[in-house]
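Structure file final-v2.csv with CSV, C-alpha atoms:
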```
chain,number,residue,atom,x,y,z
S,22,MET,CA,22.5,-2.2,-24.1
S,23,ASN,CA,19.1,-3.7,-24.0
S,24,LEU,CA,17.3,-3.7,-20.7
S,25,LEU,CA,14.6,-6.3,-21.3
S,26,VAL,CA,11.8,-6.7,-18.8
S,27,HIS,CA,9.4,-9.5,-19.5
S,28,GLY,CA,6.7,-11.1,-17.5
S,29,PRO,CA,4.8,-9.9,-14.5
S,30,PRO,CA,6.5,-7.1,-12.5
S,31,ILE,CA,7.9,-7.8,-9.1
S,32,THR,CA,5.5,-8.8,-6.3
S,33,SER,CA,7.6,-10.0,-3.5
S,34,ARG,CA,11.1,-8.5,-3.6
S,35,ALA,CA,12.4,-6.6,-0.7
S,36,ILE,CA,11.4,-2.9,-0.8
S,37,ASN,CA,14.0,-0.8,-2.4
S,38,LYS,CA,14.7,2.3,-0.3
S,39,ARG,CA,15.2,4.6,-3.3
S,40,LEU,CA,11.8,3.5,-4.8
S,41,VAL,CA,10.1,4.1,-1.5
S,42,ALA,CA,11.4,7.6,-1.7
S,43,ILE,CA,10.0,8.0,-5.2
S,44,MET,CA,6.7,6.7,-4.1
S,45,SER,CA,6.3,8.6,-0.9
S,46,SER,CA,8.4,11.8,-0.9
S,47,PRO,CA,7.6,15.2,-2.2
S,48,PHE,CA,9.5,16.3,-5.3
S,49,ASP,CA,12.2,18.4,-3.5
S,50,GLN,CA,13.1,15.6,-1.0
S,51,ILE,CA,14.1,13.1,-3.6
S,52,THR,CA,17.8,12.6,-3.9
S,53,ILE,CA,19.4,10.1,-6.2
S,54,ASP,CA,22.8,8.7,-5.6
S,55,GLY,CA,24.7,9.0,-8.9
S,56,GLU,CA,26.5,5.8,-8.3
S,57,SER,CA,23.4,3.7,-7.7
S,58,ASN,CA,22.4,1.2,-10.3
S,59,PHE,CA,18.8,0.1,-10.7
S,60,GLU,CA,18.1,-3.6,-10.9
S,61,GLU,CA,15.7,-5.1,-13.4
S,62,SER,CA,13.0,-5.3,-10.8
S,63,ASP,CA,13.3,-1.5,-10.2
S,64,ILE,CA,12.9,-0.8,-13.9
S,65,SER,CA,10.0,-3.2,-14.0
S,66,LEU,CA,8.3,-1.3,-11.1
S,67,LEU,CA,8.9,2.1,-12.9
S,68,GLU,CA,7.3,0.7,-16.0
S,69,THR,CA,4.3,-0.6,-13.9
S,70,LEU,CA,3.9,2.9,-12.4
S,71,ASP,CA,4.0,4.4,-15.8
S,72,HIS,CA,1.2,2.2,-17.1
S,73,VAL,CA,-1.0,2.0,-14.0
S,74,LEU,CA,-0.8,5.7,-13.0
S,75,ASN,CA,-0.6,7.4,-16.3
S,76,ARG,CA,-2.8,5.3,-18.6
S,77,GLY,CA,-6.1,3.5,-18.7
S,78,LEU,CA,-9.7,4.5,-18.6
S,79,VAL,CA,-10.6,7.7,-16.8
S,80,ILE,CA,-14.0,8.6,-15.6
S,81,ALA,CA,-14.2,12.4,-15.6
S,82,GLY,CA,-13.9,13.9,-12.2
S,83,GLU,CA,-13.4,10.7,-10.3
S,84,ILE,CA,-9.7,10.2,-10.4
S,85,THR,CA,-8.4,10.5,-6.8
S,86,ILE,CA,-4.6,10.8,-7.2
S,87,SER,CA,-3.1,14.2,-7.2
S,88,VAL,CA,-0.9,16.0,-9.8
S,89,ALA,CA,2.0,15.7,-7.5
S,90,ASP,CA,1.8,12.0,-7.5
S,91,ILE,CA,1.9,11.9,-11.3
S,92,ASP,CA,4.9,14.2,-11.3
S,93,LEU,CA,6.6,11.6,-9.1
S,94,ILE,CA,6.3,9.1,-11.8
S,95,PHE,CA,7.9,11.4,-14.3
S,96,ILE,CA,10.8,11.8,-11.9
S,97,GLY,CA,11.0,8.0,-11.7
S,98,LEU,CA,11.4,7.7,-15.5
S,99,ASN,CA,14.2,10.3,-15.5
S,100,VAL,CA,15.9,8.3,-12.7
S,101,LEU,CA,15.6,5.3,-15.0
S,102,VAL,CA,17.3,7.2,-17.8
S,103,SER,CA,20.1,8.1,-15.5
S,104,SER,CA,20.5,4.6,-14.3
S,105,VAL,CA,20.6,3.1,-17.8
S,106,GLU,CA,23.3,5.6,-18.8
S,107,LYS,CA,25.3,4.7,-15.7
S,108,ALA,CA,24.9,1.0,-16.4
S,109,ASN,CA,26.1,1.6,-20.0
S,110,GLU,CA,29.2,3.4,-18.7
S,111,VAL,CA,30.0,0.5,-16.5
S,112,LEU,CA,29.6,-2.0,-19.4
S,113,ARG,CA,31.8,0.2,-21.6
S,114,GLU,CA,34.5,0.4,-18.9
S,115,ARG,CA,34.3,-3.4,-18.4
S,116,ASP,CA,34.7,-4.0,-22.2
S,117,ARG,CA,37.7,-1.6,-22.3
S,118,LEU,CA,39.4,-3.4,-19.4
S,119,THR,CA,38.7,-6.8,-21.0
S,120,SER,CA,40.2,-5.8,-24.3
S,121,GLU,CA,43.3,-4.3,-22.6
S,122,GLY,CA,43.8,-7.4,-20.5
A,17,MET,CA,-23.3,-12.6,-10.5
A,18,LYS,CA,-25.0,-9.9,-8.4
A,19,SER,CA,-26.6,-6.8,-9.9
A,20,VAL,CA,-25.1,-3.4,-9.1
A,21,VAL,CA,-26.4,-1.8,-5.8
A,22,PHE,CA,-26.7,2.0,-6.1
A,23,ASP,CA,-24.9,4.5,-3.8
A,24,LYS,CA,-22.2,2.1,-2.7
A,25,LYS,CA,-18.7,3.1,-3.6
A,26,PHE,CA,-16.5,0.9,-5.7
A,27,TYR,CA,-12.8,0.8,-6.7
A,28,PRO,CA,-12.9,-0.3,-10.4
A,29,TYR,CA,-10.0,-2.2,-12.0
A,30,CYS,CA,-11.2,-2.9,-15.5
A,31,LEU,CA,-14.2,-3.5,-17.8
A,32,VAL,CA,-14.4,-6.8,-19.7
A,33,GLY,CA,-16.8,-8.3,-22.2
A,34,GLN,CA,-17.7,-11.3,-20.1
A,35,THR,CA,-17.3,-12.7,-16.6
A,36,VAL,CA,-13.9,-14.2,-16.0
A,37,GLY,CA,-12.6,-16.8,-13.6
A,38,LEU,CA,-10.7,-15.1,-10.8
A,39,SER,CA,-8.7,-16.8,-8.1
A,40,GLU,CA,-10.4,-16.8,-4.7
A,41,LEU,CA,-7.0,-15.9,-3.3
A,42,LEU,CA,-6.7,-12.7,-5.4
A,43,ARG,CA,-6.8,-9.6,-3.4
A,44,GLY,CA,-7.2,-6.1,-4.8
A,45,VAL,CA,-6.2,-2.6,-3.7
A,46,ASP,CA,-5.9,-2.3,0.1
A,47,GLY,CA,-6.2,-6.1,0.3
A,48,ARG,CA,-9.9,-6.0,-0.6
A,49,GLU,CA,-11.9,-8.8,-2.2
A,50,VAL,CA,-12.2,-8.6,-6.0
A,51,LEU,CA,-15.8,-8.8,-7.3
A,52,GLN,CA,-17.5,-8.9,-10.7
A,53,ARG,CA,-20.6,-6.9,-11.4
A,54,GLU,CA,-22.8,-6.5,-14.5
A,55,VAL,CA,-22.8,-3.0,-15.8
A,56,GLY,CA,-24.9,-2.6,-18.8
A,57,THR,CA,-23.6,-5.1,-21.4
A,58,LEU,CA,-20.2,-5.3,-19.8
A,59,THR,CA,-18.7,-6.7,-16.7
A,60,ALA,CA,-16.9,-4.5,-14.2
A,61,VAL,CA,-14.1,-6.0,-12.1
A,62,LEU,CA,-14.1,-4.0,-8.8
A,63,SER,CA,-13.8,-3.9,-5.0
A,64,GLU,CA,-16.3,-2.5,-2.6
A,65,TRP,CA,-15.0,0.6,-0.9
A,66,ASP,CA,-16.0,2.5,2.2
A,67,ASP,CA,-13.1,5.0,2.6
A,68,LYS,CA,-13.0,8.5,1.0
A,69,LYS,CA,-9.7,8.0,-0.8
A,70,VAL,CA,-7.2,5.5,-2.2
A,71,GLU,CA,-3.7,5.5,-0.8
A,72,LEU,CA,-1.0,5.8,-3.4
A,73,THR,CA,1.4,3.2,-2.3
A,74,ARG,CA,3.7,0.8,-4.1
A,75,GLU,CA,1.7,-2.2,-2.8
A,76,ASN,CA,-1.7,-0.7,-4.0
A,77,VAL,CA,-0.3,0.1,-7.5
A,78,LEU,CA,1.0,-3.5,-7.8
A,79,ARG,CA,-2.3,-5.0,-6.6
A,80,HIS,CA,-4.2,-2.9,-9.1
A,81,ASP,CA,-2.0,-4.2,-11.9
A,82,ALA,CA,-2.1,-7.8,-10.5
A,83,VAL,CA,-5.9,-7.8,-10.8
A,84,VAL,CA,-6.0,-6.5,-14.3
A,85,ARG,CA,-3.2,-9.0,-15.3
A,86,GLN,CA,-5.3,-11.9,-13.9
A,87,VAL,CA,-8.2,-10.8,-16.1
A,88,LEU,CA,-5.8,-10.6,-19.0
A,89,GLU,CA,-5.0,-14.3,-18.7
A,90,GLU,CA,-8.5,-15.1,-19.8
A,91,ALA,CA,-9.9,-12.1,-21.6
A,92,THR,CA,-9.1,-8.7,-22.9
A,93,PRO,CA,-9.7,-6.0,-20.3
A,94,LEU,CA,-10.2,-2.3,-20.6
A,95,PRO,CA,-8.1,-1.2,-17.6
A,96,PHE,CA,-9.0,1.8,-15.4
A,97,ARG,CA,-6.3,4.1,-14.4
A,98,PHE,CA,-5.3,3.7,-10.7
A,99,GLY,CA,-7.2,5.8,-8.2
A,100,HIS,CA,-10.8,5.8,-9.2
A,101,LEU,CA,-13.6,5.7,-6.6
A,102,VAL,CA,-17.1,5.6,-8.2
A,103,THR,CA,-20.7,4.9,-7.1
A,104,ALA,CA,-22.5,2.2,-9.0
A,105,HIS,CA,-24.6,4.9,-10.5
A,106,GLN,CA,-21.6,6.8,-11.9
A,107,LEU,CA,-20.1,3.6,-13.3
A,108,GLU,CA,-23.4,2.7,-15.0
A,109,SER,CA,-23.8,6.2,-16.4
A,110,TYR,CA,-20.3,6.0,-17.8
A,111,VAL,CA,-20.7,2.6,-19.4
A,112,GLU,CA,-24.2,3.5,-20.7
A,113,SER,CA,-23.1,6.8,-22.3
A,114,LYS,CA,-19.9,5.2,-23.8
A,115,SER,CA,-21.4,1.9,-24.6
A,116,GLU,CA,-20.8,1.8,-28.4
A,117,THR,CA,-17.2,3.2,-28.0
A,118,LEU,CA,-16.4,0.7,-25.2
A,119,GLN,CA,-17.7,-2.2,-27.2
A,120,SER,CA,-15.8,-1.1,-30.3
A,121,LYS,CA,-12.7,-0.7,-28.3
A,122,LEU,CA,-13.0,-4.2,-26.8
A,123,GLN,CA,-13.4,-5.5,-30.3
A,124,HIS,CA,-10.3,-3.6,-31.4
A,125,LEU,CA,-8.2,-4.9,-28.5
A,126,HIS,CA,-9.6,-8.4,-28.6
A,127,ASN,CA,-6.9,-11.1,-28.1
A,128,CYS,CA,-4.1,-8.5,-28.0
A,129,VAL,CA,-1.6,-7.3,-25.4
A,130,GLU,CA,0.4,-4.2,-25.1
A,131,MET,CA,4.1,-4.1,-25.6
A,132,SER,CA,6.2,-1.1,-24.7
A,133,VAL,CA,9.4,0.3,-26.2
A,134,LYS,CA,11.3,3.3,-24.7
A,135,ILE,CA,14.3,4.7,-26.5
A,136,ILE,CA,17.0,6.6,-24.8
A,137,TRP,CA,19.3,8.7,-26.9
A,138,ASN,CA,22.4,10.1,-25.3
A,139,ARG,CA,23.4,13.1,-27.4
A,140,GLU,CA,25.0,15.4,-24.9
A,141,ALA,CA,28.1,15.8,-27.0
A,142,GLU,CA,26.0,16.7,-30.0
A,143,LEU,CA,24.0,19.2,-28.1
A,144,ALA,CA,27.1,20.8,-26.7
A,145,SER,CA,28.4,21.3,-30.2
A,146,GLN,CA,25.2,23.1,-31.1
A,147,THR,CA,25.5,25.7,-28.3
A,148,PRO,CA,26.3,29.2,-29.6
A,149,GLU,CA,29.8,30.5,-29.5
A,150,THR,CA,30.0,32.5,-26.2
A,151,GLU,CA,33.0,34.5,-27.6
A,152,ALA,CA,31.0,35.7,-30.6
A,153,MET,CA,28.1,36.5,-28.3
A,154,GLN,CA,30.3,38.6,-26.0
A,155,LYS,CA,31.3,40.8,-28.9
A,156,VAL,CA,27.8,41.9,-29.6
A,157,GLY,CA,25.3,43.8,-27.4
A,158,ARG,CA,23.1,42.0,-24.9
A,159,GLY,CA,20.1,42.2,-27.1
A,160,ALA,CA,21.8,40.7,-30.0
A,161,ALA,CA,23.4,38.0,-27.8
A,162,PHE,CA,20.0,37.1,-26.5
A,163,LEU,CA,18.6,36.8,-30.0
A,164,MET,CA,21.6,34.7,-31.1
A,165,SER,CA,21.1,32.5,-28.1
A,166,LYS,CA,17.4,32.0,-28.9
A,167,GLN,CA,18.2,31.4,-32.6
A,168,ALA,CA,20.7,28.7,-31.6
A,169,GLU,CA,18.1,27.1,-29.3
A,170,PHE,CA,15.5,27.1,-32.0
A,171,GLN,CA,17.8,25.5,-34.5
A,172,ALA,CA,18.9,22.9,-32.0
A,173,GLU,CA,15.3,22.1,-31.2
A,174,GLN,CA,14.4,21.8,-34.9
A,175,SER,CA,17.4,19.5,-35.6
A,176,SER,CA,16.6,17.4,-32.6
A,177,SER,CA,12.9,17.1,-33.5
A,178,SER,CA,13.7,15.8,-37.0
A,179,GLU,CA,16.2,13.3,-35.8
A,180,VAL,CA,13.9,12.0,-33.1
A,181,ALA,CA,11.1,11.8,-35.8
A,182,ALA,CA,13.5,9.7,-37.9
A,183,ILE,CA,14.1,7.4,-35.0
A,184,ALA,CA,10.4,7.0,-34.5
A,185,SER,CA,9.9,6.2,-38.2
A,186,TRP,CA,12.6,3.6,-38.0
A,187,LEU,CA,10.9,2.0,-35.0
A,188,LYS,CA,7.6,2.0,-36.8
A,189,SER,CA,9.1,0.4,-39.9
A,190,ARG,CA,10.7,-2.4,-37.8
A,191,THR,CA,7.5,-3.3,-36.1
A,192,SER,CA,5.3,-2.9,-39.1
A,193,GLY,CA,3.2,-6.0,-39.9
A,194,LEU,CA,3.5,-7.3,-36.4
A,195,VAL,CA,1.3,-4.8,-34.6
A,196,ARG,CA,-2.4,-4.0,-34.8
A,197,ASP,CA,-2.0,-0.5,-33.5
A,198,GLU,CA,0.6,1.8,-32.1
A,199,LEU,CA,1.0,4.9,-30.0
A,200,VAL,CA,4.3,6.7,-30.3
A,201,VAL,CA,5.2,9.8,-28.2
A,202,LEU,CA,8.2,11.9,-29.2
A,203,ARG,CA,10.1,13.9,-26.6
A,204,PRO,CA,12.9,15.6,-28.5
A,205,ALA,CA,13.9,17.7,-25.6
A,206,GLU,CA,14.5,14.8,-23.2
A,207,LYS,CA,16.9,11.9,-23.1
A,208,LEU,CA,14.0,9.4,-23.2
A,209,VAL,CA,13.2,10.6,-26.7
A,210,VAL,CA,10.6,8.0,-27.8
A,211,SER,CA,8.0,6.2,-25.7
A,212,ALA,CA,6.0,3.7,-27.9
A,213,SER,CA,3.2,1.3,-27.1
A,214,PHE,CA,2.3,-1.4,-29.5
A,215,LEU,CA,-0.9,-3.4,-29.6
A,216,VAL,CA,0.3,-7.0,-30.5
A,217,GLU,CA,-1.9,-10.0,-31.2
A,218,ARG,CA,-1.1,-12.9,-28.9
A,219,SER,CA,-0.3,-15.0,-31.9
A,220,SER,CA,2.3,-12.5,-33.1
A,221,LEU,CA,4.0,-12.1,-29.8
A,222,ALA,CA,6.9,-14.4,-30.4
A,223,ALA,CA,7.6,-12.8,-33.8
A,224,TYR,CA,7.4,-9.3,-32.2
A,225,LYS,CA,9.9,-10.3,-29.5
A,226,ASN,CA,12.3,-11.8,-32.1
A,227,ARG,CA,12.1,-8.5,-34.0
A,228,THR,CA,12.7,-6.3,-31.0
A,229,ALA,CA,15.6,-8.4,-29.9
A,230,LEU,CA,17.5,-7.2,-33.0
A,231,PHE,CA,17.1,-3.6,-32.2
A,232,ASP,CA,20.4,-3.4,-30.3
A,233,GLU,CA,22.4,-4.6,-33.3
A,234,GLU,CA,20.6,-2.4,-35.7
A,235,ARG,CA,20.9,0.8,-33.7
A,236,SER,CA,23.9,0.7,-31.4
A,237,ASP,CA,23.6,4.5,-31.0
A,238,LEU,CA,20.4,4.0,-29.0
A,239,HIS,CA,19.4,2.4,-25.7
A,240,PHE,CA,16.2,0.4,-25.7
A,241,LEU,CA,14.0,-0.5,-22.9
A,242,THR,CA,11.4,-3.1,-24.0
A,243,SER,CA,8.7,-4.4,-21.7
A,244,GLY,CA,5.5,-6.4,-21.8
A,245,PRO,CA,3.1,-8.0,-22.2
A,246,TRP,CA,0.9,-5.5,-20.5
A,247,PRO,CA,-2.8,-5.2,-20.3
A,248,PRO,CA,-3.8,-2.6,-23.0
A,249,TYR,CA,-3.6,0.4,-20.6
A,250,SER,CA,-2.4,2.7,-23.4
A,251,PHE,CA,-5.1,1.7,-25.9
A,252,SER,CA,-8.1,1.8,-23.6
A,253,ASN,CA,-8.7,5.5,-23.5
A,254,ASN,CA,-7.9,7.1,-26.8
A,255,GLU,CA,-11.3,8.4,-27.7
A,256,LEU,CA,-12.5,8.5,-24.2
A,257,GLU,CA,-9.8,10.7,-22.8
A,258,PHE,CA,-10.7,13.0,-20.0
A,259,LYS,CA,-8.9,16.1,-21.0
A,260,THR,CA,-7.4,18.0,-18.1
A,261,HIS,CA,-5.1,21.0,-17.8
A,262,LEU,CA,-2.7,19.0,-15.8
A,263,GLY,CA,-0.6,17.7,-18.6
A,264,VAL,CA,-1.7,14.2,-17.9
A,265,SER,CA,-2.2,12.0,-20.9
```

Write out the structure in this file as structure tokens.
Amino acid sequence: MNLLVHGPPITSRAINKRLVAIMSSPFDQITIDGESNFEESDISLLETLDHVLNRGLVIAGEITISVADIDLIFIGLNVLVSSVEKANEVLRERDRLTSEG
Amino acid sequence: MKSVVFDKKFYPYCLVGQTVGLSELLRGVDGREVLQREVGTLTAVLSEWDDKKVELTRENVLRHDAVVRQVLEEATPLPFRFGHLVTAHQLESYVESKSETLQSKLQHLHNCVEMSVKIIWNREAELASQTPETEAMQKVGRGAAFLMSKQAEFQAEQSSSSEVAAIASWLKSRTSGLVRDELVVLRPAEKLVVSASFLVERSSLAAYKNRTALFDEERSDLHFLTSGPWPPYSFSNNELEFKTHLGVS
């Protein structure tokens, strides 16, 4: 499966509750529903977070975001992995049912 | 363009080699006006700031990226990481002390964008087969069982590392000739085993996309997440990295 995300990330979509949790909750409060599937816009946001928060020029001593915030991004990428696997399972199941039908 | 006023605080988005045309409607982090200021031989794109901190919100992260993206439409920016607050003096000192490196980096990145490839490898079945035989471990003492367990872990890690390195080599070979630079991070212990950033010239972008579109067919055992074009976030800071003990790269 190829999840392709091109072009500028989302700017005006409705706020996704799960992503709000990722952005604002402490580590131990984040719960992810195993059945949930992330949409392309969600993945695009996670990619944006990965770039904007983890990369780029840093002036020593002047970064203002905390370690906990960066850890949240790491969590986000793990969530992404889970969602890709889940999506793949759904696709496999659909293929199987199609071939049987 | 105004000169820098000392002691004021600024939120910087990026450095760029020349002034760019920004939309008057563009708003930066916290909805603030986006300005351009000469800093040494470069131009800083920034907002004036009177608070003590920057709120980490989804909206602010997207606004930061939106500003850098608008600069990217016209020039090649050196993006700052989200969350800086600097005085004009700090910004000038930074640019002055790193002037040669920053200029050289701008030259290296000129007319390029960043493209990202993440590879997910689901090998739970393989890893399960590599776990030590619990029955055999039960027949030996606790000390020996512990050593057997550690040896199995070590062997699994070694095997996984070499396989992930092979995946990374394949990826590099498939993008060879289409990229000016690359940064590939391997994470053999995780499911997201490879995180790669490629610096691609704008003129090669279509060819790069055509190449990556074939990845699925070539490696059906892997999942690919490709994204871009991005401002060159990953290539802005290589030699300028502020090393911390926080595990932040």

9 Å contact set for Pro28 (chain A), only C-alpha atoms, chain neighbours under 3 positions out, as a PyMOL selection string
chain A and resi 31+60-64+95-102+107

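Restricting the calculation to all atoms listed in the file, the smallest distance between chain S and any of A:Val32, A:Leu208, A:Leu51, A:Leu163 is found for A:Leu208.
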
If the cut-off is 8 Å, can you tell me the residues of chain A near chain S, counting all atoms listed in the file? I'd like them as a ChimeraX atom specification.
/A:69-70,72-74,77-78,80-81,94-102,110,136,138,207-208,232,236,239-245,248-253,256-258,262,264-265

Residues from last step as file, C-alpha atoms, as a PDB file, in the coordinates of the input:
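Contents of the output file out_22.pdb:
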```
ATOM      1  CA  LYS A  69      -9.700   8.000  -0.800  1.00  0.00           C
ATOM      2  CA  VAL A  70      -7.200   5.500  -2.200  1.00  0.00           C
ATOM      3  CA  LEU A  72      -1.000   5.800  -3.400  1.00  0.00           C
ATOM      4  CA  THR A  73       1.400   3.200  -2.300  1.00  0.00           C
ATOM      5  CA  ARG A  74       3.700   0.800  -4.100  1.00  0.00           C
ATOM      6  CA  VAL A  77      -0.300   0.100  -7.500  1.00  0.00           C
ATOM      7  CA  LEU A  78       1.000  -3.500  -7.800  1.00  0.00           C
ATOM      8  CA  HIS A  80      -4.200  -2.900  -9.100  1.00  0.00           C
ATOM      9  CA  ASP A  81      -2.000  -4.200 -11.900  1.00  0.00           C
ATOM     10  CA  LEU A  94     -10.200  -2.300 -20.600  1.00  0.00           C
ATOM     11  CA  PRO A  95      -8.100  -1.200 -17.600  1.00  0.00           C
ATOM     12  CA  PHE A  96      -9.000   1.800 -15.400  1.00  0.00           C
ATOM     13  CA  ARG A  97      -6.300   4.100 -14.400  1.00  0.00           C
ATOM     14  CA  PHE A  98      -5.300   3.700 -10.700  1.00  0.00           C
ATOM     15  CA  GLY A  99      -7.200   5.800  -8.200  1.00  0.00           C
ATOM     16  CA  HIS A 100     -10.800   5.800  -9.200  1.00  0.00           C
ATOM     17  CA  LEU A 101     -13.600   5.700  -6.600  1.00  0.00           C
ATOM     18  CA  VAL A 102     -17.100   5.600  -8.200  1.00  0.00           C
ATOM     19  CA  TYR A 110     -20.300   6.000 -17.800  1.00  0.00           C
ATOM     20  CA  ILE A 136      17.000   6.600 -24.800  1.00  0.00           C
ATOM     21  CA  ASN A 138      22.400  10.100 -25.300  1.00  0.00           C
ATOM     22  CA  LYS A 207      16.900  11.900 -23.100  1.00  0.00           C
ATOM     23  CA  LEU A 208      14.000   9.400 -23.200  1.00  0.00           C
ATOM     24  CA  ASP A 232      20.400  -3.400 -30.300  1.00  0.00           C
ATOM     25  CA  SER A 236      23.900   0.700 -31.400  1.00  0.00           C
ATOM     26  CA  HIS A 239      19.400   2.400 -25.700  1.00  0.00           C
ATOM     27  CA  PHE A 240      16.200   0.400 -25.700  1.00  0.00           C
ATOM     28  CA  LEU A 241      14.000  -0.500 -22.900  1.00  0.00           C
ATOM     29  CA  THR A 242      11.400  -3.100 -24.000  1.00  0.00           C
ATOM     30  CA  SER A 243       8.700  -4.400 -21.700  1.00  0.00           C
ATOM     31  CA  GLY A 244       5.500  -6.400 -21.800  1.00  0.00           C
ATOM     32  CA  PRO A 245       3.100  -8.000 -22.200  1.00  0.00           C
ATOM     33  CA  PRO A 248      -3.800  -2.600 -23.000  1.00  0.00           C
ATOM     34  CA  TYR A 249      -3.600   0.400 -20.600  1.00  0.00           C
ATOM     35  CA  SER A 250      -2.400   2.700 -23.400  1.00  0.00           C
ATOM     36  CA  PHE A 251      -5.100   1.700 -25.900  1.00  0.00           C
ATOM     37  CA  SER A 252      -8.100   1.800 -23.600  1.00  0.00           C
ATOM     38  CA  ASN A 253      -8.700   5.500 -23.500  1.00  0.00           C
ATOM     39  CA  LEU A 256     -12.500   8.500 -24.200  1.00  0.00           C
ATOM     40  CA  GLU A 257      -9.800  10.700 -22.800  1.00  0.00           C
ATOM     41  CA  PHE A 258     -10.700  13.000 -20.000  1.00  0.00           C
ATOM     42  CA  LEU A 262      -2.700  19.000 -15.800  1.00  0.00           C
ATOM     43  CA  VAL A 264      -1.700  14.200 -17.900  1.00  0.00           C
ATOM     44  CA  SER A 265      -2.200  12.000 -20.900  1.00  0.00           C
TER      45      SER A 265
END
```

Distance criterion (all atoms listed in the file): nearest to Val111 (chain A) out of A:Ala184, A:Leu199, A:Ser132, A:Leu58:
A:Leu58

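Take CA of Tyr29 (chain A) and CA of Arg218 (chain A): the distance between them is 21.9 Å.
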
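Residues with any atom within 9 Å of Gly37 (chain A), counting all atoms listed in the file and excluding same-chain neighbours fewer than 3 positions away, are Gln86, Val87 and Glu90 of chain A.
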
Between CA of Met164 (chain A) and CA of Arg139 (chain A) - distance in Å to one decimal
22.0 Å

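Distances here use all atoms listed in the file; by that measure, the residue among A:Cys30, A:Ala212, A:Val45, A:Ala205 closest to Thr191 (chain A) is A:Ala212.
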
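The spacing separating CA of Leu215 (chain A) from CA of Asp197 (chain A) amounts to 5.0 Å.
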
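Among the candidates A:Glu54, A:Gly47, A:Arg235, A:Thr92, the residue lying nearest to Asn76 (chain A) is A:Gly47 (atoms considered: only C-alpha atoms).
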
Using all atoms listed in the file, which protein or nucleic acid residues come within 9 Å of Thr57 (chain A)? Drop anything in the same chain fewer than 5 positions from it, and give the result as a list of chain:residue names.
A:Gly33, A:Gln34, A:Val111, A:Glu112, A:Ser115, A:Gln119
